[in-house]
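Chemist: Below is start_8.pdb; it holds PDB, C-alpha atoms.
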```pdb
ATOM      1  CA  MET A  28      21.053  66.492 -35.453
ATOM      2  CA  GLU A  29      17.408  67.127 -36.094
ATOM      3  CA  LYS A  30      16.073  69.582 -38.685
ATOM      4  CA  ILE A  31      13.028  71.660 -37.754
ATOM      5  CA  LYS A  32      11.122  73.668 -40.345
ATOM      6  CA  VAL A  33      10.711  77.212 -39.092
ATOM      7  CA  ARG A  34       9.464  79.103 -42.120
ATOM      8  CA  GLY A  35       6.910  76.397 -42.895
ATOM      9  CA  LEU A  36       5.441  76.655 -39.404
ATOM     10  CA  VAL A  37       4.895  80.384 -39.805
ATOM     11  CA  ARG A  38       3.329  79.928 -43.241
ATOM     12  CA  SER A  39       1.055  77.185 -41.896
ATOM     13  CA  ALA A  40      -0.065  79.429 -39.061
ATOM     14  CA  GLY A  41      -0.834  82.100 -41.655
ATOM     15  CA  TRP A  42      -3.046  79.686 -43.593
ATOM     16  CA  ILE A  43      -4.898  78.734 -40.431
ATOM     17  CA  PHE A  44      -5.491  82.392 -39.562
ATOM     18  CA  VAL A  45      -6.678  83.280 -43.077
ATOM     19  CA  ALA A  46      -9.039  80.286 -43.239
ATOM     20  CA  TRP A  47     -10.570  80.966 -39.825
ATOM     21  CA  GLY A  48     -10.692  84.729 -40.288
ATOM     22  CA  GLY A  49     -12.262  84.439 -43.725
ATOM     23  CA  LEU A  50     -14.919  82.084 -42.417
ATOM     24  CA  VAL A  51     -15.786  84.348 -39.475
ATOM     25  CA  ALA A  52     -15.827  87.505 -41.624
ATOM     26  CA  VAL A  53     -18.133  85.894 -44.199
ATOM     27  CA  LYS A  54     -20.450  84.772 -41.370
ATOM     28  CA  GLY A  55     -20.440  88.337 -40.025
ATOM     29  CA  PHE A  56     -21.359  89.812 -43.403
ATOM     30  CA  TRP A  57     -24.080  87.169 -43.749
ATOM     31  CA  ASP A  58     -25.497  88.175 -40.353
ATOM     32  CA  VAL A  59     -25.470  91.877 -41.243
ATOM     33  CA  PHE A  60     -27.265  91.586 -44.556
ATOM     34  CA  LEU A  61     -29.276  88.337 -44.546
ATOM     35  CA  GLY A  62     -29.168  86.708 -41.125
ATOM     36  CA  GLU A  63     -31.177  87.067 -37.992
ATOM     37  CA  PRO A  64     -30.958  85.490 -34.540
ATOM     38  CA  GLU A  65     -32.622  82.133 -33.952
ATOM     39  CA  ALA A  66     -34.697  83.739 -31.213
ATOM     40  CA  ASN A  67     -36.715  85.454 -33.959
ATOM     41  CA  TYR A  68     -37.972  82.063 -35.156
ATOM     42  CA  TYR A  69     -39.421  81.174 -31.760
ATOM     43  CA  SER A  70     -40.834  84.501 -30.574
ATOM     44  CA  LEU A  71     -44.217  85.964 -31.413
ATOM     45  CA  ASN A  72     -42.693  89.284 -32.467
ATOM     46  CA  LYS A  73     -39.380  89.581 -34.275
ATOM     47  CA  TRP A  74     -36.553  91.272 -32.396
ATOM     48  CA  ASP A  75     -38.221  90.760 -28.978
ATOM     49  CA  PHE A  76     -35.351  88.920 -27.300
ATOM     50  CA  VAL A  77     -32.420  90.287 -29.291
ATOM     51  CA  SER A  78     -32.716  93.811 -30.652
ATOM     52  CA  GLN A  79     -31.505  94.713 -34.129
ATOM     53  CA  LYS A  80     -28.913  97.014 -32.561
ATOM     54  CA  GLN A  81     -27.526  94.148 -30.472
ATOM     55  CA  TRP A  82     -27.500  91.874 -33.520
ATOM     56  CA  LEU A  83     -25.640  94.421 -35.649
ATOM     57  CA  THR A  84     -23.155  94.995 -32.824
ATOM     58  CA  TRP A  85     -22.469  91.262 -32.665
ATOM     59  CA  SER A  86     -22.171  91.044 -36.454
ATOM     60  CA  GLY A  87     -19.730  93.959 -36.435
ATOM     61  CA  PHE A  88     -17.642  92.130 -33.860
ATOM     62  CA  GLU A  89     -17.586  89.039 -36.084
ATOM     63  CA  ILE A  90     -16.468  91.078 -39.088
ATOM     64  CA  THR A  91     -13.775  92.878 -37.092
ATOM     65  CA  TYR A  92     -12.473  89.660 -35.556
ATOM     66  CA  GLY A  93     -12.406  87.890 -38.915
ATOM     67  CA  LEU A  94     -10.584  90.700 -40.672
ATOM     68  CA  ALA A  95      -8.102  90.952 -37.774
ATOM     69  CA  CYS A  96      -7.298  87.248 -38.223
ATOM     70  CA  VAL A  97      -6.753  87.817 -41.949
ATOM     71  CA  ALA A  98      -4.455  90.757 -41.126
ATOM     72  CA  ILE A  99      -2.432  88.564 -38.762
ATOM     73  CA  ALA A 100      -2.066  86.023 -41.578
ATOM     74  CA  LEU A 101      -0.749  88.719 -43.914
ATOM     75  CA  VAL A 102       1.770  89.843 -41.294
ATOM     76  CA  LEU A 103       2.941  86.257 -40.785
ATOM     77  CA  TRP A 104       3.392  85.742 -44.537
ATOM     78  CA  LYS A 105       5.300  89.025 -44.791
ATOM     79  CA  TYR A 106       7.542  88.004 -41.872
ATOM     80  CA  ALA A 107       8.158  84.395 -43.024
ATOM     81  CA  PRO A 108      10.847  85.159 -45.657
ATOM     82  CA  ARG A 109      13.029  86.717 -42.941
ATOM     83  CA  LEU A 110      13.201  83.415 -41.077
ATOM     84  CA  PRO A 111      15.552  80.550 -41.914
ATOM     85  CA  GLU A 112      14.052  77.600 -43.750
ATOM     86  CA  PHE A 113      15.367  75.108 -41.171
ATOM     87  CA  ILE A 114      17.090  75.150 -37.813
ATOM     88  CA  GLU A 115      19.185  72.274 -36.591
ATOM     89  CA  LYS A 116      18.768  71.030 -33.069
ATOM     90  CA  ARG A 117      20.877  68.485 -31.252
ATOM     91  CA  LYS A 118      19.038  65.492 -29.917
ATOM     92  CA  GLU A 119      19.184  65.105 -26.157
ATOM     93  CA  LYS A 120      20.398  61.890 -24.584
ATOM     94  CA  GLY A 121      17.584  59.370 -24.356
ATOM     95  CA  GLN A 122      15.606  60.931 -27.232
ATOM     96  CA  GLU A 123      17.307  58.999 -29.993
ATOM     97  CA  SER A 124      14.945  57.132 -32.247
TER      98      SER A 124
END
```
Mind turning this structure into structure tokens?
Modeler:
Amino acid sequence: MEKIKVRGLVRSAGWIFVAWGGLVAVKGFWDVFLGEPEANYYSLNKWDFVSQKQWLTWSGFEITYGLACVAIALVLWKYAPRLPEFIEKRKEKGQES
């Protein structure tokens, strides 16, 4: 018999989602308030290649995506206690180690 952690997998996935979502959301807030596209550094006039409206739309997408990932993490953590800690699985023939 082989024991497989089920609850731990769900919690780990939650941590991955919260780390990634937090990073993306912080980047989005940075872009909204302090950032600007790299094209502004190379153009003669700021906002020639990428308009401010386009930049704010992209930043809003980043914030929404990041917060959605954080929400998924919260749902996973809420759901994890309902799962068993371990499940036992029989080893197939030829998979014995």
Chemist: Taking only C-alpha atoms into account, name the residue in A:Leu36, A:Leu71, A:Val97, A:Leu83 that is nearest to Gly49 (chain A).
Modeler: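 Checking each of A:Leu36, A:Leu71, A:Val97, A:Leu83 against Gly49 (chain A), counting only C-alpha atoms, the winner is A:Val97.
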Chemist: Counting only C-alpha atoms, what is within 12 Å of Trp57 (chain A), bar same-chain residues fewer than 6 positions away, as a list in words?
Modeler: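 These residues fall inside the cut-off: Leu50, Val51, Glu63, Pro64, Trp82, Leu83, Trp85, Ser86, Gly87, Glu89 and Ile90 of chain A.
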Chemist: Could you state the separation of CA of Lys116 (chain A) and CA of Ile31 (chain A) in Å, given to one decimal place?
Modeler: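 A separation of 7.4 Å between them.
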Chemist: How many Å lie between CA of Val102 (chain A) and CA of Trp42 (chain A), rounded to one decimal?
Modeler: 11.5 Å
Chemist: Rounded to one decimal, what separation in Å do you get between CA of Gly93 (chain A) and CA of Lys80 (chain A)?
Modeler: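 CA of Gly93 (chain A) sits 19.9 Å away from CA of Lys80 (chain A).
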Chemist: Looking at A:Val45, A:Tyr69, A:Ala52, A:Pro111, which one is nearest to Ala98 (chain A), with distances taken over all atoms listed in the file?
Modeler: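 Ranked by minimum distance to Ala98 (chain A), first place goes to A:Val45.
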Chemist: Skipping near chain neighbours, those fewer than 3 positions away, what residues fall within 9 Å of Leu110 (chain A) using only C-alpha atoms, listed as a PDB file with C-alpha atoms, in the frame of the given file?
Modeler:
```pdb
ATOM      1  CA  VAL A  33      10.711  77.212 -39.092  1.00  0.00           C
ATOM      2  CA  ARG A  34       9.464  79.103 -42.120  1.00  0.00           C
ATOM      3  CA  VAL A  37       4.895  80.384 -39.805  1.00  0.00           C
ATOM      4  CA  TYR A 106       7.542  88.004 -41.872  1.00  0.00           C
ATOM      5  CA  ALA A 107       8.158  84.395 -43.024  1.00  0.00           C
ATOM      6  CA  PHE A 113      15.367  75.108 -41.171  1.00  0.00           C
TER       7      PHE A 113
END
```
Chemist: Let me make sure I understand: among A:Leu101, A:Asp75, A:Gly62, A:Leu94, which one has the smallest atom-to-atom distance to Ser39 (chain A) if we use only C-alpha atoms?
Modeler: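 For Ser39 (chain A), the nearest of the candidates is A:Leu101.
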Chemist: Between A:Ile114, A:Met28, A:Leu61, A:Val53, which residue has the minimum interatomic distance to Tyr92 (chain A), considering all atoms listed in the file?
Modeler: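 Checking each of A:Ile114, A:Met28, A:Leu61, A:Val53 against Tyr92 (chain A), counting all atoms listed in the file, the winner is A:Val53.
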Chemist: Please write the residues picked by the PyMOL selection byres ((chain A and resi 117) around 10) on this file as a ChimeraX atom specification.
Modeler: /A:28-30,115-116,118-120
